[in-house]
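*Asks:* Sharing a structure, written as structure tokens. Questions coming.
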Amino acid sequence: MKTLIAAILFSTFTLGAFAQQKATTKATATKTTAPATKAADNYRCPICGYTALKAGDCPKDKVTLVKVGDYYCPDCYMTNTKAGKCTMCGVDMKKMEAAAPSGTTDTKK
């Protein structure tokens, strides 16, 4: 019985010590990565133009978001960091441009 109680106490203290170390590590990682966020690190949907700060899929079109500045295929939406032809379908890759500010309008005549 004493052995069981000692094992439970030991495991409780061990888990508590590791939980505090991970929380400290997360706090320092958040502080160092927060200033490094740039406007150029946005991701956009090649179909509808949806923007996000993190990589993922577009909630509307279910297409993988493309990092602004990277190249994508307009047919199959494959991405690449270099310009050229798509390796899957051979179409010229297009560069993903940043979204225009919402207050600007295009004045073509």
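Going by the structure tokens order, chains are called A, B, ..., each with residues numbered from 1, while ligands are numbered from 1 in the order shown.
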Tell me which protein, DNA and RNA residues are within 9 Å of Val63 (chain A), counting only C-alpha atoms, leaving out same-chain ones fewer than 6 positions away, and put them as a ChimeraX atom specification.
*Replies:* /A:45-47,56-57,77
*Asks:* Out of region 46-94 of chain A, which residues get strand (DSSP E or B) from DSSP, as JSON, numbers by chain?
*Replies:* {"A": [51, 52, 57, 64, 66, 67, 71, 72, 79, 80, 85, 92, 94]}
*Asks:* Could the residues in this selection be saved with C-alpha atoms as a short mmCIF file (atom, residue, chain, number, x, y, z; two decimals), in the first residue's frame?
*Replies:*
```cif
data_model
loop_
_atom_site.label_atom_id
_atom_site.label_comp_id
_atom_site.auth_asym_id
_atom_site.auth_seq_id
_atom_site.Cartn_x
_atom_site.Cartn_y
_atom_site.Cartn_z
CA THR A 51 -6.75 35.62 -47.11
CA ALA A 52 -5.37 34.06 -43.94
CA ASP A 57 -7.36 25.25 -46.84
CA THR A 64 -4.91 24.81 -50.36
CA VAL A 66 -0.94 29.82 -51.55
CA LYS A 67 1.69 31.94 -49.80
CA TYR A 71 3.76 30.65 -57.74
CA TYR A 72 0.70 28.49 -58.39
CA THR A 79 2.36 25.55 -55.74
CA ASN A 80 6.07 26.25 -56.17
CA LYS A 85 5.78 25.40 -65.88
CA ASP A 92 2.63 28.44 -66.85
CA LYS A 94 1.25 32.53 -61.90
#
```
*Asks:* Do you have the CA of Cys73 (chain A)-CA of Cys86 (chain A) distance handy?
*Replies:*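 Between CA of Cys73 (chain A) and CA of Cys86 (chain A) the gap works out to 6.1 Å.
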*Asks:* Hey, which of A:Met96, A:Met1, A:Pro101, A:Ser11 ends up closest to Tyr43 (chain A)? Count only C-alpha atoms.
*Replies:* A:Met96
*Asks:* Which polymer residues have any atom within 10 Å of an atom of Ala99 (chain A), counting only C-alpha atoms, with same-chain residues fewer than 6 positions away left out, as an MDAnalysis selection string?
*Replies:* chainID A and resid 42:44 49:51 68
*Asks:* Write the residues you've just listed into a file as an mmCIF file, in the first residue's frame, and include C-alpha atoms for each of them.
*Replies:*
```cif
data_model
loop_
_atom_site.group_PDB
_atom_site.id
_atom_site.type_symbol
_atom_site.label_atom_id
_atom_site.label_comp_id
_atom_site.auth_asym_id
_atom_site.auth_seq_id
_atom_site.Cartn_x
_atom_site.Cartn_y
_atom_site.Cartn_z
ATOM 1 C CA ASN A 42 -0.185 36.056 -45.747
ATOM 2 C CA TYR A 43 -1.797 33.193 -47.617
ATOM 3 C CA ARG A 44 -4.477 33.587 -50.305
ATOM 4 C CA GLY A 49 -9.046 35.543 -52.948
ATOM 5 C CA TYR A 50 -9.722 34.574 -49.303
ATOM 6 C CA THR A 51 -6.754 35.623 -47.113
ATOM 7 C CA VAL A 68 1.894 35.484 -51.183
#
```
